[in-house]
>>> print(open('coords00.pdb').read())   # PDB, C-alpha atoms and all ligand atoms
ATOM      1  CA  MET A   1     230.165 -22.659  31.906
ATOM      2  CA  ALA A   2     231.307 -20.927  35.059
ATOM      3  CA  GLY A   3     229.312 -21.229  38.254
ATOM      4  CA  ALA A   4     228.670 -24.954  37.986
ATOM      5  CA  LEU A   5     226.839 -26.388  40.932
ATOM      6  CA  PRO A   6     228.792 -28.287  43.563
ATOM      7  CA  SER A   7     228.112 -31.965  43.213
ATOM      8  CA  GLY A   8     225.085 -33.166  45.091
ATOM      9  CA  ARG A   9     223.489 -29.758  45.350
ATOM     10  CA  ARG A  10     219.977 -29.573  43.997
ATOM     11  CA  LEU A  11     218.099 -26.514  43.021
ATOM     12  CA  SER A  12     214.641 -26.021  44.360
ATOM     13  CA  CYS A  13     212.948 -23.505  42.150
ATOM     14  CA  VAL A  14     209.303 -24.373  42.578
ATOM     15  CA  MET A  15     207.149 -21.399  43.480
ATOM     16  CA  ARG A  16     205.581 -21.981  46.845
ATOM     17  CA  GLY A  17     204.583 -20.202  50.017
ATOM     18  CA  ILE A  18     207.278 -19.454  52.542
ATOM     19  CA  ASP A  19     207.675 -21.517  55.674
ATOM     20  CA  LYS A  20     205.434 -19.701  58.111
ATOM     21  CA  ALA A  21     207.643 -20.863  60.988
ATOM     22  CA  ALA A  22     210.709 -19.220  59.472
ATOM     23  CA  PRO A  23     211.811 -16.041  61.216
ATOM     24  CA  VAL A  24     210.932 -12.872  59.325
ATOM     25  CA  ARG A  25     212.838  -9.786  60.346
ATOM     26  CA  HIS A  26     210.837  -6.643  60.750
ATOM     27  CA  ILE A  27     212.095  -3.450  62.293
ATOM     28  CA  THR A  28     208.583  -2.100  62.077
ATOM     29  CA  ALA A  29     205.787  -4.406  61.084
ATOM     30  CA  ALA A  30     204.504  -4.049  57.545
ATOM     31  CA  PRO A  31     200.910  -4.943  56.654
ATOM     32  CA  MET A  32     200.785  -8.708  56.901
ATOM     33  CA  ASN A  33     198.116  -9.457  54.352
ATOM     34  CA  LEU A  34     195.502  -7.801  52.233
ATOM     35  CA  THR A  35     193.284  -7.007  55.186
ATOM     36  CA  ASP A  36     195.702  -6.114  57.972
ATOM     37  CA  SER A  37     196.137  -2.515  57.027
ATOM     38  CA  PRO A  38     193.030  -1.221  55.253
ATOM     39  CA  PRO A  39     194.214   2.399  54.906
ATOM     40  CA  ARG A  40     197.074   1.306  52.667
ATOM     41  CA  VAL A  41     195.281  -1.402  50.748
ATOM     42  CA  ARG A  42     194.255  -0.581  47.212
ATOM     43  CA  SER A  43     192.219  -2.504  44.713
ATOM     44  CA  PHE A  44     193.610  -3.660  41.369
ATOM     45  CA  GLY A  45     190.744  -3.128  38.931
ATOM     46  CA  HIS A  46     192.320   0.055  37.588
ATOM     47  CA  ILE A  47     195.764  -1.461  36.979
ATOM     48  CA  ASP A  48     196.791  -1.666  33.326
ATOM     49  CA  THR A  49     200.568  -2.142  33.748
ATOM     50  CA  TRP A  50     202.264  -4.668  36.029
ATOM     51  CA  ILE A  51     205.933  -4.126  36.787
ATOM     52  CA  PHE A  52     207.830  -7.119  38.124
ATOM     53  CA  ASP A  53     211.261  -7.340  39.661
ATOM     54  CA  LEU A  54     213.167 -10.387  38.394
ATOM     55  CA  ASP A  55     215.566 -11.918  40.918
ATOM     56  CA  ASN A  56     213.884 -13.586  43.889
ATOM     57  CA  THR A  57     210.511 -12.327  42.632
ATOM     58  CA  LEU A  58     209.745 -14.188  39.393
ATOM     59  CA  TYR A  59     211.704 -17.120  40.755
ATOM     60  CA  PRO A  60     211.984 -17.959  44.465
ATOM     61  CA  SER A  61     215.158 -17.365  46.437
ATOM     62  CA  SER A  62     215.327 -21.146  46.988
ATOM     63  CA  CYS A  63     216.694 -21.318  43.426
ATOM     64  CA  ARG A  64     219.860 -19.760  44.873
ATOM     65  CA  LEU A  65     220.579 -18.102  41.539
ATOM     66  CA  TYR A  66     221.200 -14.741  43.068
ATOM     67  CA  ILE A  67     223.521 -16.254  45.658
ATOM     68  CA  GLU A  68     225.660 -17.429  42.749
ATOM     69  CA  VAL A  69     225.655 -13.911  41.334
ATOM     70  CA  GLU A  70     226.760 -12.565  44.715
ATOM     71  CA  GLN A  71     229.539 -15.154  44.892
ATOM     72  CA  ARG A  72     230.792 -14.095  41.481
ATOM     73  CA  MET A  73     230.667 -10.437  42.561
ATOM     74  CA  ALA A  74     232.896 -11.333  45.497
ATOM     75  CA  ARG A  75     235.279 -13.252  43.223
ATOM     76  CA  TYR A  76     235.488 -10.275  40.874
ATOM     77  CA  ILE A  77     236.332  -7.977  43.794
ATOM     78  CA  MET A  78     238.943 -10.440  45.069
ATOM     79  CA  ASP A  79     240.640 -10.493  41.676
ATOM     80  CA  GLU A  80     240.385  -6.794  40.902
ATOM     81  CA  LEU A  81     241.071  -5.307  44.334
ATOM     82  CA  LYS A  82     243.282  -8.081  45.691
ATOM     83  CA  LEU A  83     241.085  -8.715  48.728
ATOM     84  CA  ASP A  84     240.434 -11.999  50.508
ATOM     85  CA  LEU A  85     236.975 -13.576  50.388
ATOM     86  CA  GLU A  86     235.835 -12.088  53.685
ATOM     87  CA  GLY A  87     236.971  -8.628  52.658
ATOM     88  CA  ALA A  88     235.300  -8.942  49.279
ATOM     89  CA  HIS A  89     231.926  -9.893  50.768
ATOM     90  CA  ALA A  90     232.210  -7.104  53.346
ATOM     91  CA  LEU A  91     232.851  -4.585  50.559
ATOM     92  CA  ARG A  92     229.996  -6.000  48.485
ATOM     93  CA  ARG A  93     227.578  -5.633  51.419
ATOM     94  CA  ARG A  94     228.765  -2.077  52.115
ATOM     95  CA  TYR A  95     228.329  -1.079  48.487
ATOM     96  CA  PHE A  96     224.846  -2.587  48.462
ATOM     97  CA  GLN A  97     223.882  -0.425  51.442
ATOM     98  CA  GLU A  98     225.684   2.760  50.425
ATOM     99  CA  HIS A  99     225.413   2.740  46.627
ATOM    100  CA  GLY A 100     222.379   0.533  45.905
ATOM    101  CA  THR A 101     224.390  -2.170  44.156
ATOM    102  CA  THR A 102     227.889  -3.591  44.249
ATOM    103  CA  LEU A 103     228.408  -2.352  40.705
ATOM    104  CA  ARG A 104     227.516   1.237  41.523
ATOM    105  CA  GLY A 105     229.991   1.198  44.412
ATOM    106  CA  LEU A 106     232.738  -0.190  42.198
ATOM    107  CA  MET A 107     231.971   2.416  39.533
ATOM    108  CA  ASN A 108     231.895   5.296  42.014
ATOM    109  CA  GLU A 109     234.968   4.320  44.001
ATOM    110  CA  TYR A 110     237.130   2.474  41.487
ATOM    111  CA  GLY A 111     235.863   3.492  38.057
ATOM    112  CA  VAL A 112     235.064  -0.108  37.168
ATOM    113  CA  GLU A 113     233.785  -0.648  33.612
ATOM    114  CA  PRO A 114     230.210  -1.818  34.126
ATOM    115  CA  ARG A 115     229.630  -4.115  31.156
ATOM    116  CA  ARG A 116     232.651  -6.282  31.887
ATOM    117  CA  PHE A 117     231.552  -6.629  35.526
ATOM    118  CA  LEU A 118     227.952  -7.440  34.553
ATOM    119  CA  ASP A 119     228.982 -10.052  31.995
ATOM    120  CA  TYR A 120     231.210 -11.725  34.574
ATOM    121  CA  VAL A 121     228.768 -11.828  37.511
ATOM    122  CA  HIS A 122     225.834 -13.062  35.425
ATOM    123  CA  GLU A 123     227.733 -15.981  33.956
ATOM    124  CA  ILE A 124     225.881 -18.435  36.175
ATOM    125  CA  ASP A 125     224.419 -21.854  35.606
ATOM    126  CA  VAL A 126     220.653 -21.528  35.120
ATOM    127  CA  SER A 127     220.141 -25.100  33.945
ATOM    128  CA  GLY A 128     218.473 -26.106  37.218
ATOM    129  CA  VAL A 129     215.672 -23.564  36.866
ATOM    130  CA  GLN A 130     212.433 -25.319  36.043
ATOM    131  CA  PRO A 131     209.434 -23.965  34.108
ATOM    132  CA  ALA A 132     207.149 -21.907  36.343
ATOM    133  CA  THR A 133     203.983 -23.405  34.921
ATOM    134  CA  ALA A 134     201.535 -22.190  37.553
ATOM    135  CA  LEU A 135     202.970 -18.691  37.548
ATOM    136  CA  GLY A 136     202.746 -18.684  33.765
ATOM    137  CA  ARG A 137     199.050 -19.532  33.943
ATOM    138  CA  ALA A 138     198.481 -16.747  36.475
ATOM    139  CA  LEU A 139     200.324 -14.231  34.272
ATOM    140  CA  ALA A 140     198.366 -15.316  31.208
ATOM    141  CA  ALA A 141     195.098 -14.738  33.027
ATOM    142  CA  LEU A 142     196.137 -11.360  34.389
ATOM    143  CA  PRO A 143     194.812  -8.469  32.292
ATOM    144  CA  GLY A 144     197.222  -5.701  31.390
ATOM    145  CA  ARG A 145     200.751  -5.178  30.168
ATOM    146  CA  LYS A 146     203.581  -6.840  32.084
ATOM    147  CA  LEU A 147     207.128  -5.493  32.284
ATOM    148  CA  VAL A 148     210.313  -6.592  34.054
ATOM    149  CA  PHE A 149     212.337  -3.947  35.904
ATOM    150  CA  THR A 150     215.671  -5.339  37.101
ATOM    151  CA  ASN A 151     218.993  -4.167  38.479
ATOM    152  CA  GLY A 152     220.552  -6.985  36.443
ATOM    153  CA  THR A 153     221.109  -7.161  32.714
ATOM    154  CA  ARG A 154     218.616  -7.858  29.991
ATOM    155  CA  ASN A 155     220.649 -10.888  28.959
ATOM    156  CA  HIS A 156     220.513 -12.327  32.481
ATOM    157  CA  ALA A 157     216.774 -11.681  32.679
ATOM    158  CA  LYS A 158     216.205 -13.276  29.300
ATOM    159  CA  ARG A 159     218.180 -16.414  30.220
ATOM    160  CA  VAL A 160     216.242 -16.859  33.460
ATOM    161  CA  LEU A 161     212.841 -16.064  31.941
ATOM    162  CA  ASP A 162     213.509 -18.522  29.122
ATOM    163  CA  ARG A 163     214.251 -21.266  31.653
ATOM    164  CA  LEU A 164     211.086 -20.345  33.564
ATOM    165  CA  GLU A 165     209.195 -20.315  30.224
ATOM    166  CA  LEU A 166     207.803 -16.905  31.122
ATOM    167  CA  THR A 167     209.504 -14.707  28.510
ATOM    168  CA  HIS A 168     206.467 -14.367  26.267
ATOM    169  CA  HIS A 169     204.375 -12.848  29.052
ATOM    170  CA  PHE A 170     206.505  -9.703  29.221
ATOM    171  CA  ALA A 171     206.345  -6.783  26.806
ATOM    172  CA  ALA A 172     209.799  -5.497  27.789
ATOM    173  CA  ILE A 173     212.753  -5.853  30.140
ATOM    174  CA  HIS A 174     213.935  -2.565  31.654
ATOM    175  CA  ASP A 175     217.459  -3.356  32.831
ATOM    176  CA  ILE A 176     220.454  -1.732  34.511
ATOM    177  CA  VAL A 177     221.781  -0.501  31.170
ATOM    178  CA  ALA A 178     218.443   1.179  30.356
ATOM    179  CA  ILE A 179     218.638   3.093  33.649
ATOM    180  CA  ASP A 180     222.218   4.181  32.973
ATOM    181  CA  PHE A 181     223.590   2.007  35.795
ATOM    182  CA  GLN A 182     221.609   3.997  38.402
ATOM    183  CA  PRO A 183     220.039   1.032  40.222
ATOM    184  CA  LYS A 184     216.765   0.760  42.047
ATOM    185  CA  PRO A 185     215.908   2.445  44.399
ATOM    186  CA  ASN A 186     217.401   5.442  42.589
ATOM    187  CA  ALA A 187     214.346   7.442  41.501
ATOM    188  CA  ALA A 188     215.844   8.299  38.112
ATOM    189  CA  GLY A 189     215.404   4.739  36.854
ATOM    190  CA  TYR A 190     211.698   4.713  37.725
ATOM    191  CA  ARG A 191     211.180   7.943  35.802
ATOM    192  CA  THR A 192     213.005   6.492  32.805
ATOM    193  CA  LEU A 193     210.777   3.437  33.047
ATOM    194  CA  ILE A 194     207.495   5.363  32.984
ATOM    195  CA  GLU A 195     208.700   7.657  30.202
ATOM    196  CA  THR A 196     210.027   4.831  28.037
ATOM    197  CA  TYR A 197     206.846   2.791  28.232
ATOM    198  CA  ALA A 198     204.316   5.640  28.614
ATOM    199  CA  ILE A 199     203.161   4.278  31.944
ATOM    200  CA  GLU A 200     200.466   6.097  33.888
ATOM    201  CA  PRO A 201     201.816   5.497  37.423
ATOM    202  CA  ARG A 202     198.380   5.518  39.055
ATOM    203  CA  ARG A 203     197.363   2.669  36.796
ATOM    204  CA  ALA A 204     200.542   0.680  37.471
ATOM    205  CA  ALA A 205     201.476  -1.866  40.125
ATOM    206  CA  MET A 206     205.015  -2.853  41.086
ATOM    207  CA  ILE A 207     205.954  -6.166  42.683
ATOM    208  CA  GLU A 208     209.308  -6.562  44.462
ATOM    209  CA  ASP A 209     211.018  -8.811  46.979
ATOM    210  CA  MET A 210     213.123  -5.891  48.245
ATOM    211  CA  ALA A 211     210.944  -3.487  50.201
ATOM    212  CA  ARG A 212     213.501  -0.737  49.860
ATOM    213  CA  ASN A 213     212.818  -0.590  46.109
ATOM    214  CA  LEU A 214     209.139   0.268  46.587
ATOM    215  CA  PRO A 215     209.162   3.851  47.995
ATOM    216  CA  PRO A 216     210.076   5.499  44.660
ATOM    217  CA  ALA A 217     207.230   3.600  42.968
ATOM    218  CA  ALA A 218     204.756   4.642  45.655
ATOM    219  CA  ALA A 219     205.959   8.244  45.436
ATOM    220  CA  LEU A 220     205.120   8.251  41.728
ATOM    221  CA  GLY A 221     201.623   6.992  42.534
ATOM    222  CA  MET A 222     202.025   3.304  41.755
ATOM    223  CA  THR A 223     200.374   0.570  43.784
ATOM    224  CA  THR A 224     203.115  -1.433  45.500
ATOM    225  CA  ILE A 225     203.256  -5.096  46.423
ATOM    226  CA  TRP A 226     206.017  -6.502  48.580
ATOM    227  CA  LEU A 227     206.799 -10.217  48.176
ATOM    228  CA  ARG A 228     208.313 -11.052  51.522
ATOM    229  CA  GLY A 229     210.382 -14.088  52.422
ATOM    230  CA  GLY A 230     213.441 -13.274  50.309
ATOM    231  CA  PRO A 231     217.005 -12.826  51.488
ATOM    232  CA  HIS A 232     216.536  -9.078  52.011
ATOM    233  CA  ASP A 233     213.487  -9.238  54.215
ATOM    234  CA  GLU A 234     214.132  -6.195  56.349
ATOM    235  CA  VAL A 235     211.416  -3.565  56.502
ATOM    236  CA  ASP A 236     211.814  -0.287  58.284
ATOM    237  CA  ALA A 237     209.148   2.317  58.890
ATOM    238  CA  HIS A 238     209.983   4.252  55.741
ATOM    239  CA  TYR A 239     209.559   1.247  53.496
ATOM    240  CA  ALA A 240     206.431   0.077  55.330
ATOM    241  CA  ASP A 241     204.725   3.383  54.585
ATOM    242  CA  ALA A 242     205.289   2.729  50.881
ATOM    243  CA  ILE A 243     203.954  -0.841  50.886
ATOM    244  CA  HIS A 244     200.301  -1.166  49.909
ATOM    245  CA  HIS A 245     200.155  -4.956  49.953
ATOM    246  CA  THR A 246     202.334  -7.674  51.452
ATOM    247  CA  ILE A 247     202.224 -11.156  49.944
ATOM    248  CA  ASP A 248     203.937 -14.494  50.570
ATOM    249  CA  ASN A 249     203.332 -16.218  47.249
ATOM    250  CA  LEU A 250     203.251 -14.460  43.884
ATOM    251  CA  THR A 251     201.408 -17.194  42.013
ATOM    252  CA  GLU A 252     198.646 -17.419  44.613
ATOM    253  CA  PHE A 253     198.336 -13.639  44.761
ATOM    254  CA  LEU A 254     197.971 -13.236  41.002
ATOM    255  CA  GLY A 255     195.696 -16.252  40.802
ATOM    256  CA  ALA A 256     193.371 -14.733  43.381
ATOM    257  CA  LEU A 257     193.031 -11.588  41.249
ATOM    258  CA  THR A 258     191.680 -13.539  38.315
ATOM    259  CA  PRO A 259     189.617 -16.473  39.598
ATOM    260  CA  ALA A 260     189.124 -19.311  37.140
ATOM    261  CA  GLY A 261     186.294 -18.669  34.730
ATOM    262  CA  GLU A 262     186.587 -14.881  34.723
TER     263      GLU A 262
HETATM  264 MG    MG A 301     214.760  -9.014  43.624
END
>>> encode(input="coords00.pdb", output="structure tokens")
Amino acid sequence: MAGALPSGRRLSCVMRGIDKAAPVRHITAAPMNLTDSPPRVRSFGHIDTWIFDLDNTLYPSSCRLYIEVEQRMARYIMDELKLDLEGAHALRRRYFQEHGTTLRGLMNEYGVEPRRFLDYVHEIDVSGVQPATALGRALAALPGRKLVFTNGTRNHAKRVLDRLELTHHFAAIHDIVAIDFQPKPNAAGYRTLIETYAIEPRRAAMIEDMARNLPPAAALGMTTIWLRGGPHDEVDAHYADAIHHTIDNLTEFLGALTPAGE
């Protein structure tokens, strides 16, 4: 298996709150909790469909899984475009900003075949991911349909969800292939999502660690929840306007919606 962990490195994949002392970068402050910004805050009683991002949302960034994916993206670029490591990471970051994903940039500028790239970058070691027992309990108690919407592949999502023991909570995985390789935050993928699963946007909530993926959901009428503390923690004014709730811990947030005994 490619992507084996360096010796001595341990994965820490337990869902927990972020270190409150850790710096959080904000260009413009987003609502800090459920009560900081009442005009944006919405209730959840009407929600019948919950849409979850996968990477760094259903498992914490401390798992470092996505860092391994990014490293394999860089290695792919090094091999294909004959760049050094620094150049490959610089190109990957530019594509992320300009095209939404590294893949989209490689497709647009080099005509890269997407499935081969996706198979390569997702060939990571997930053996260190532990069952997310508390999150599983919170999902089980949460009324409504749950879907995964990811810029990765269905196979990657399935491998990770199986390790987390969360697969059975989700009715479907809407992946990068299903959205014709037009990644979030491209609005076309959100429209495909709601059409495919007959989602009424005003009765749907979307949870993401990347704030920049929330504006298209909000524009459709969805309630948006930003899980901060991930590696892409920047929020500018445009994203902040599209964030209805900001949370630090997904398990605690979902648990608070369905108190024990209800
Ligand atoms: Mg994510």
>>> atom_distance(input="coords00.pdb", atom1="CA of Ala132 (chain A)", atom2="CA of Thr224 (chain A)")
22.8 Å
>>> residues_near_point(input="coords00.pdb", point="(227.0, -2.4, 47.4)", cutoff="6 Å", atoms="all atoms listed in the file", output="PyMOL selection string")
chain A and resi 92-97+99-102+105
>>> resolve_selection(input="coords00.pdb", expression="the PyMOL selection byres (((not hetatm)) within 6 of (chain A and resi 301))", output="PyMOL selection string")
chain A and resi 53-57+209-210
>>> closest_atom_pairs(input="coords00.pdb", of="region 81-144 of chain A", to="region 246-255 of chain A", cutoff="7 Å", atoms="only C-alpha atoms", output="Markdown table")
| residue | atom | partner | partner_atom | distance |
| --- | --- | --- | --- | --- |
| A:Ala134 | CA | A:Thr251 | CA | 6.7 |
| A:Leu135 | CA | A:Thr251 | CA | 5.0 |
| A:Ala138 | CA | A:Gly255 | CA | 5.2 |
>>> resolve_selection(input="coords00.pdb", expression="the PyMOL selection byres (((chain A and resi 153-155) around 9) and not hetatm)", output="list in words")
Leu118, Asp119, His122, Thr150, Asn151, Gly152, His156, Ala157, Lys158, Arg159, Val160, Ile173, His174, Asp175, Ile176 and Val177 of chain A
>>> closest_residue(input="coords00.pdb", among="A:Ala188, A:Leu58, A:Val112, A:Ile51", to="Ile77 (chain A)", atoms="all atoms listed in the file")
A:Val112
>>> atom_distance(input="coords00.pdb", atom1="CA of Leu103 (chain A)", atom2="CA of Arg64 (chain A)")
19.8 Å
>>> residues_around(input="coords00.pdb", residues="Pro201 (chain A)", least_positions_apart="2", cutoff="10 Å", atoms="all atoms listed in the file", output="short mmCIF file (atom, residue, chain, number, x, y, z; two decimals) with C-alpha atoms, in the coordinates of the input")
data_model
loop_
_atom_site.label_atom_id
_atom_site.label_comp_id
_atom_site.auth_asym_id
_atom_site.auth_seq_id
_atom_site.Cartn_x
_atom_site.Cartn_y
_atom_site.Cartn_z
CA ILE A 47 195.76 -1.46 36.98
CA ASP A 48 196.79 -1.67 33.33
CA THR A 49 200.57 -2.14 33.75
CA TYR A 190 211.70 4.71 37.72
CA ARG A 191 211.18 7.94 35.80
CA ILE A 194 207.50 5.36 32.98
CA ALA A 198 204.32 5.64 28.61
CA ILE A 199 203.16 4.28 31.94
CA ARG A 203 197.36 2.67 36.80
CA ALA A 204 200.54 0.68 37.47
CA ALA A 205 201.48 -1.87 40.12
CA MET A 206 205.02 -2.85 41.09
CA ALA A 217 207.23 3.60 42.97
CA ALA A 218 204.76 4.64 45.66
CA ALA A 219 205.96 8.24 45.44
CA LEU A 220 205.12 8.25 41.73
CA GLY A 221 201.62 6.99 42.53
CA MET A 222 202.02 3.30 41.76
CA THR A 223 200.37 0.57 43.78
#
>>> build_atoms(input="coords00.pdb", residues="region 222-236 of chain A", atoms="N, CA and C atoms", output="PDB file, in the frame of the given file")
ATOM      1  N   MET A 222     202.298   4.710  42.053  1.00  0.00           N
ATOM      2  CA  MET A 222     202.025   3.304  41.755  1.00  0.00           C
ATOM      3  C   MET A 222     201.486   2.575  42.982  1.00  0.00           C
ATOM      4  N   THR A 223     200.758   1.500  42.724  1.00  0.00           N
ATOM      5  CA  THR A 223     200.374   0.570  43.784  1.00  0.00           C
ATOM      6  C   THR A 223     201.537  -0.398  43.979  1.00  0.00           C
ATOM      7  N   THR A 224     201.917  -0.621  45.234  1.00  0.00           N
ATOM      8  CA  THR A 224     203.115  -1.433  45.500  1.00  0.00           C
ATOM      9  C   THR A 224     202.762  -2.725  46.223  1.00  0.00           C
ATOM     10  N   ILE A 225     203.476  -3.759  45.846  1.00  0.00           N
ATOM     11  CA  ILE A 225     203.256  -5.096  46.423  1.00  0.00           C
ATOM     12  C   ILE A 225     204.615  -5.652  46.820  1.00  0.00           C
ATOM     13  N   TRP A 226     204.754  -5.960  48.086  1.00  0.00           N
ATOM     14  CA  TRP A 226     206.017  -6.502  48.580  1.00  0.00           C
ATOM     15  C   TRP A 226     205.883  -8.014  48.746  1.00  0.00           C
ATOM     16  N   LEU A 227     206.735  -8.758  48.034  1.00  0.00           N
ATOM     17  CA  LEU A 227     206.799 -10.217  48.176  1.00  0.00           C
ATOM     18  C   LEU A 227     207.838 -10.525  49.251  1.00  0.00           C
ATOM     19  N   ARG A 228     207.366 -10.829  50.430  1.00  0.00           N
ATOM     20  CA  ARG A 228     208.313 -11.052  51.522  1.00  0.00           C
ATOM     21  C   ARG A 228     208.829 -12.491  51.487  1.00  0.00           C
ATOM     22  N   GLY A 229     209.831 -12.746  52.327  1.00  0.00           N
ATOM     23  CA  GLY A 229     210.382 -14.088  52.422  1.00  0.00           C
ATOM     24  C   GLY A 229     211.696 -14.252  51.694  1.00  0.00           C
ATOM     25  N   GLY A 230     212.172 -13.206  51.021  1.00  0.00           N
ATOM     26  CA  GLY A 230     213.441 -13.274  50.309  1.00  0.00           C
ATOM     27  C   GLY A 230     214.617 -13.010  51.231  1.00  0.00           C
ATOM     28  N   PRO A 231     215.812 -12.996  50.655  1.00  0.00           N
ATOM     29  CA  PRO A 231     217.005 -12.826  51.488  1.00  0.00           C
ATOM     30  C   PRO A 231     217.142 -11.425  52.075  1.00  0.00           C
ATOM     31  N   HIS A 232     216.472 -10.447  51.474  1.00  0.00           N
ATOM     32  CA  HIS A 232     216.536  -9.078  52.011  1.00  0.00           C
ATOM     33  C   HIS A 232     215.146  -8.733  52.538  1.00  0.00           C
ATOM     34  N   ASP A 233     214.851  -9.290  53.702  1.00  0.00           N
ATOM     35  CA  ASP A 233     213.487  -9.238  54.215  1.00  0.00           C
ATOM     36  C   ASP A 233     213.267  -8.117  55.218  1.00  0.00           C
ATOM     37  N   GLU A 234     214.267  -7.244  55.360  1.00  0.00           N
ATOM     38  CA  GLU A 234     214.132  -6.195  56.349  1.00  0.00           C
ATOM     39  C   GLU A 234     213.120  -5.147  55.871  1.00  0.00           C
ATOM     40  N   VAL A 235     212.354  -4.640  56.816  1.00  0.00           N
ATOM     41  CA  VAL A 235     211.416  -3.565  56.502  1.00  0.00           C
ATOM     42  C   VAL A 235     211.526  -2.528  57.599  1.00  0.00           C
ATOM     43  N   ASP A 236     211.855  -1.315  57.256  1.00  0.00           N
ATOM     44  CA  ASP A 236     211.814  -0.287  58.284  1.00  0.00           C
ATOM     45  C   ASP A 236     210.586   0.580  58.046  1.00  0.00           C
TER      46      ASP A 236
END
